[in-house]
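Peer 1: Dropping the structure in here first, questions after.
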Amino acid sequence: MNRFSDFMLPPAKSTTAETTDALFHFINVTSLIFLVGITIAIIFFSWKYRRRSDEDVTPVISHNNKLEITWSVIPLILVMIVFGWGFTGYMNLITTPDDAYEVRVVAKSWLWEFHYETGFVSVNELHVPANRPVKLIMSSDDVIHSFFVPDYRVKRDVLPNRYTSLWFEVTEPGESIVYCTEYCGTAHSNMLATVFAHTQEDFDTWLETAGSADDDMDPVELGEQLVTRNACDTCHSTDGTRLQGPTFQGLWGSEREMQDGEIVVVDENYVRESILEPNARITKGYQPVMPSYAGTLNDRQIDAIIEYLKTLQ
Ligand SMILES: [Cu+2]
């Protein structure tokens, strides 16, 4: 069963995954048994009752009580088993344990933001303690996204103007991939994140040091890191390639034409405005798809990104 299970599904890394998998295998195996049985019966009967001569006449059979009850009751039992099992699993998935550790999730086209109790925000990296229930309170800044971690067997839509939540308990420290599983535009397939499950102790240390590690870093180096950490590089290249957004190469100090014809020189204020209010002015030839980083990046971080952009000539 284990080998079969590994072949069918990714490794199960949450406490609720086993119930989900058992039900999945039950439905699959019963369907397979019926498929094979019915196929064999069809082939056998069409051979056994084939027409042999012109005198062959089909007998008239109006009904058969025993047979009809059997083929109604057996499927009813199977369906009730699937219902009971599925309902229990569903109730477990929607009832969050009381002592859950809460993380706020904000989805934006096309990245995931994770806000922790300390005010620290990580982008496309979710850090959680293992062996403790974690509750995600999720909403979207724009269109409908969906948070899906195959390893944990959990998935829930993330909507604008409304909170949805989801919980899981990771069984051991490790990494798992998060997918956006609601088609949300051109870079939907890049909307990935990684969950890092730590021991409670490692998690506490991580949370304590997260963010403050930036304090004594060189601004250019910090800026470069922030561009990756905040997924700017999914839309902006540094080598001249055009992605969703204009390349950062040679951007600093250049003249840019806006959609309304206005000419802007890329300076500190323009970069700052682009990061906090990307839709205030849209660069000509591009779509207004950049998410706002207001509340995610602080002044020091914006300064660091500016210093980094200056080096990309
Ligand atoms: Cu999405």
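Every chain in the structure tokens takes a letter, A first, then B, and so on in the order presented; its residues are numbered from 1, and the ligands are numbered from 1 following the presented order.
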Can you tell me which residues come within 8 Å of ligand 1 when counting only C-alpha atoms and all ligand atoms, ideally as number ranges by chain?

Peer 2: A: 107-111, 143-146, 180-185, 188-189, 191

Peer 1: Produce a file of the selected residues containing C-alpha atoms, as a short mmCIF file (atom, residue, chain, number, x, y, z; two decimals), in the first residue's frame.

Peer 2:
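Heads up, here's the output in again-v9.cif:
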```cif
data_model
loop_
_atom_site.label_atom_id
_atom_site.label_comp_id
_atom_site.auth_asym_id
_atom_site.auth_seq_id
_atom_site.Cartn_x
_atom_site.Cartn_y
_atom_site.Cartn_z
CA ALA A 107 -2.38 37.14 -2.21
CA LYS A 108 -1.51 39.62 -4.97
CA SER A 109 -1.07 39.02 -8.66
CA TRP A 110 1.38 37.23 -8.61
CA LEU A 111 2.89 36.71 -5.20
CA VAL A 143 -8.53 38.74 -8.22
CA ILE A 144 -9.39 35.27 -6.90
CA HIS A 145 -6.37 33.11 -6.07
CA SER A 146 -6.26 29.74 -4.35
CA CYS A 180 -1.79 29.17 -6.69
CA THR A 181 -4.47 26.90 -8.06
CA GLU A 182 -6.99 29.42 -9.40
CA TYR A 183 -6.07 30.81 -12.81
CA CYS A 184 -5.25 34.46 -12.09
CA GLY A 185 -3.54 35.89 -15.17
CA HIS A 188 -0.27 32.52 -12.58
CA SER A 189 2.08 29.58 -13.03
CA MET A 191 2.77 32.25 -8.29
#
```

Peer 1: Where does DSSP see strand (DSSP E) in segment 62-162 of chain A, if you list the residues as number ranges by chain?

Peer 2: A: 101-108, 111-115, 121-123, 125-129, 133-140, 145-149, 154-158

Peer 1: By how many Å are atom CA of Leu76 of chain A and atom CA of Phe4 of chain A apart?

Peer 2: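 Calculated distance between atom CA of Leu76 of chain A and atom CA of Phe4 of chain A is 27.3 Å.
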
Peer 1: For a quick check of understanding, using only C-alpha atoms, which of A:Gly285, A:Gly223, A:Pro278, A:Gly245 has the smallest distance to Glu257 of chain A?

Peer 2: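 Distance minimum relative to Glu257 of chain A lands on A:Gly285.
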
Peer 1: Point out the residue among A:Ala12, A:Met138, A:Ile61, A:Ile43 with the least atom-to-atom distance to Trp167 of chain A, counting only C-alpha atoms.

Peer 2: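 Of A:Ala12, A:Met138, A:Ile61, A:Ile43, the one nearest Trp167 of chain A, counting only C-alpha atoms, is A:Met138.
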
Peer 1: For Val289 of chain A, which of A:Val134, A:Ile27, A:Leu243, A:Val149 is the closest residue, counting only C-alpha atoms?

Peer 2: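 So, comparing all the options, the nearest one is A:Leu243.
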
Peer 1: If we count only C-alpha atoms and set the cut-off at 12 Å, which residues sit around Val220 of chain A, ignoring sequence neighbours fewer than 3 positions away in its own chain? Please answer as a list of chain:residue names.

Peer 2: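 Within the cut-off, the hits are A:Asp214, A:Asp216, A:Met217, A:Gly223, A:Glu224, A:Gln225, A:Leu226, A:Val227, A:Arg300, A:Gln301, A:Ile302, A:Asp303, A:Ala304, A:Ile305, A:Ile306, A:Glu307, A:Tyr308, A:Leu309, A:Lys310, A:Thr311, A:Leu312.
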
Peer 1: A:Asn161, A:Asn279, A:Ile177, A:Leu32: which is nearest Phe147 of chain A, counting only C-alpha atoms?

Peer 2: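 Of all the options, A:Ile177 lies closest to Phe147 of chain A.
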
Peer 1: Quick one: residues within 10 Å of His115 of chain A, only C-alpha atoms, excluding same-chain residues fewer than 6 positions away - as an NGL selection string?

Peer 2: :A and (102-106 or 121-123 or 126 or 136-137 or 296)

Peer 1: In segment 35-283 of chain A, what's alpha helix (DSSP H) per DSSP? Answer as a count of residues only?

Peer 2: 74

Peer 1: Give me the residues of segment 107-173 of chain A that have any atom at most 10 Å from an atom of segment 207-212 of chain A; for each, the nearest atom pair and the distance in Å, rounded to one decimal. Use only C-alpha atoms, sort by chain and number, and format it as a tab-separated table.

Peer 2:
```
residue	atom	partner	partner_atom	distance
A:Tyr116	CA	A:Leu207	CA	8.3
A:Glu117	CA	A:Leu207	CA	9.1
A:Thr118	CA	A:Leu207	CA	7.7
A:Gly119	CA	A:Gly211	CA	9.5
A:Phe120	CA	A:Gly211	CA	6.5
A:Val121	CA	A:Gly211	CA	8.3
A:Ser122	CA	A:Ala210	CA	8.9
A:His127	CA	A:Leu207	CA	8.5
A:Val128	CA	A:Leu207	CA	9.5
```

Peer 1: Can you work out which one of A:Trp206, A:Glu277, A:Tyr286, A:Val158 has the shortest atom-to-atom distance to His236 of chain A, counting only C-alpha atoms?

Peer 2: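 With only C-alpha atoms as the atom set, the closest residue is A:Tyr286.
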
Peer 1: Just the residues within 8 Å of segment 80-96 of chain A, please, counting only C-alpha atoms, with nothing from its chain fewer than 6 positions along; format it as a VMD selection string.

Peer 2: chain A and resid 16 19 to 20 23 27 133 135 166 to 168

Peer 1: What would the file look like if the residues just selected were written as an mmCIF file, in the first residue's frame with N, CA and C atoms?

Peer 2:
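As written to disk, out-v2.cif reads:
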```
data_model
loop_
_atom_site.group_PDB
_atom_site.id
_atom_site.type_symbol
_atom_site.label_atom_id
_atom_site.label_comp_id
_atom_site.auth_asym_id
_atom_site.auth_seq_id
_atom_site.Cartn_x
_atom_site.Cartn_y
_atom_site.Cartn_z
ATOM 1 N N THR A 16 -3.746 15.743 8.862
ATOM 2 C CA THR A 16 -5.031 15.370 8.267
ATOM 3 C C THR A 16 -4.861 14.629 6.937
ATOM 4 N N THR A 19 -6.205 10.738 6.472
ATOM 5 C CA THR A 19 -7.635 10.494 6.252
ATOM 6 C C THR A 19 -7.995 10.777 4.800
ATOM 7 N N THR A 20 -7.493 11.908 4.285
ATOM 8 C CA THR A 20 -7.783 12.278 2.904
ATOM 9 C C THR A 20 -7.281 11.201 1.949
ATOM 10 N N LEU A 23 -9.308 7.860 2.050
ATOM 11 C CA LEU A 23 -10.572 7.991 1.320
ATOM 12 C C LEU A 23 -10.330 7.998 -0.186
ATOM 13 N N ILE A 27 -11.922 5.237 -2.735
ATOM 14 C CA ILE A 27 -12.749 5.553 -3.900
ATOM 15 C C ILE A 27 -12.109 5.006 -5.176
ATOM 16 N N PRO A 133 -0.769 23.202 15.325
ATOM 17 C CA PRO A 133 -1.695 23.663 14.289
ATOM 18 C C PRO A 133 -1.384 25.104 13.874
ATOM 19 N N LYS A 135 -2.965 28.341 11.619
ATOM 20 C CA LYS A 135 -4.161 28.836 10.941
ATOM 21 C C LYS A 135 -3.766 29.985 10.020
ATOM 22 N N LEU A 166 -7.764 28.592 6.672
ATOM 23 C CA LEU A 166 -7.356 27.221 6.397
ATOM 24 C C LEU A 166 -6.388 26.838 7.505
ATOM 25 N N TRP A 167 -6.395 25.583 7.937
ATOM 26 C CA TRP A 167 -5.410 25.193 8.957
ATOM 27 C C TRP A 167 -4.752 23.881 8.591
ATOM 28 N N PHE A 168 -3.562 23.679 9.138
ATOM 29 C CA PHE A 168 -2.845 22.406 8.963
ATOM 30 C C PHE A 168 -1.870 22.263 10.103
#
```

Peer 1: With a distance cut-off of 12 Å and only C-alpha atoms, select the neighbouring residues of Val264 of chain A, excluding the residue or stretch itself and same-chain residues fewer than 4 positions from it, and output the selection as a list in words.

Peer 2: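 The residues that qualify are Leu251, Trp252, Gly253, Ser254, Glu255, Arg256, Glu257, Met258, Gln259, Asp260, Glu268, Asn269, Tyr270, Val271, Glu273, Ser274, Arg281, Ile282, Thr283 and Lys284 of chain A.
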
Peer 1: Atom CA of Ser14 of chain A to atom CA of Tyr152 of chain A: how many Å, to one decimal?

Peer 2: 4.8 Å

Peer 1: What is the distance, in Å and to one decimal place, between atom CA of Pro97 of chain A and atom CA of Ser165 of chain A?

Peer 2: 12.4 Å

Peer 1: Give me the residues within 7 Å of Ala193 of chain A as a compact mmCIF listing (two decimals) with C-alpha atoms, in the first residue's frame, counting only C-alpha atoms and dropping any in the same chain fewer than 6 places off.

Peer 2:
```txt
# COMPACT_ATOMS: atom_id res chain seq x y z
CA TRP A 112 2.08 35.57 -1.66
CA ASN A 124 6.74 33.76 -1.14
CA GLU A 125 8.22 32.14 1.97
CA ILE A 177 5.61 23.93 -2.18
CA VAL A 178 2.58 26.23 -2.30
CA TYR A 179 0.78 26.63 -5.62
```

Peer 1: Determine the nearest neighbour of Pro150 of chain A from the options A:Asp233, A:Glu175, A:Asp267, A:Glu113, counting only C-alpha atoms.

Peer 2: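 The closest residue to Pro150 of chain A is A:Glu175.
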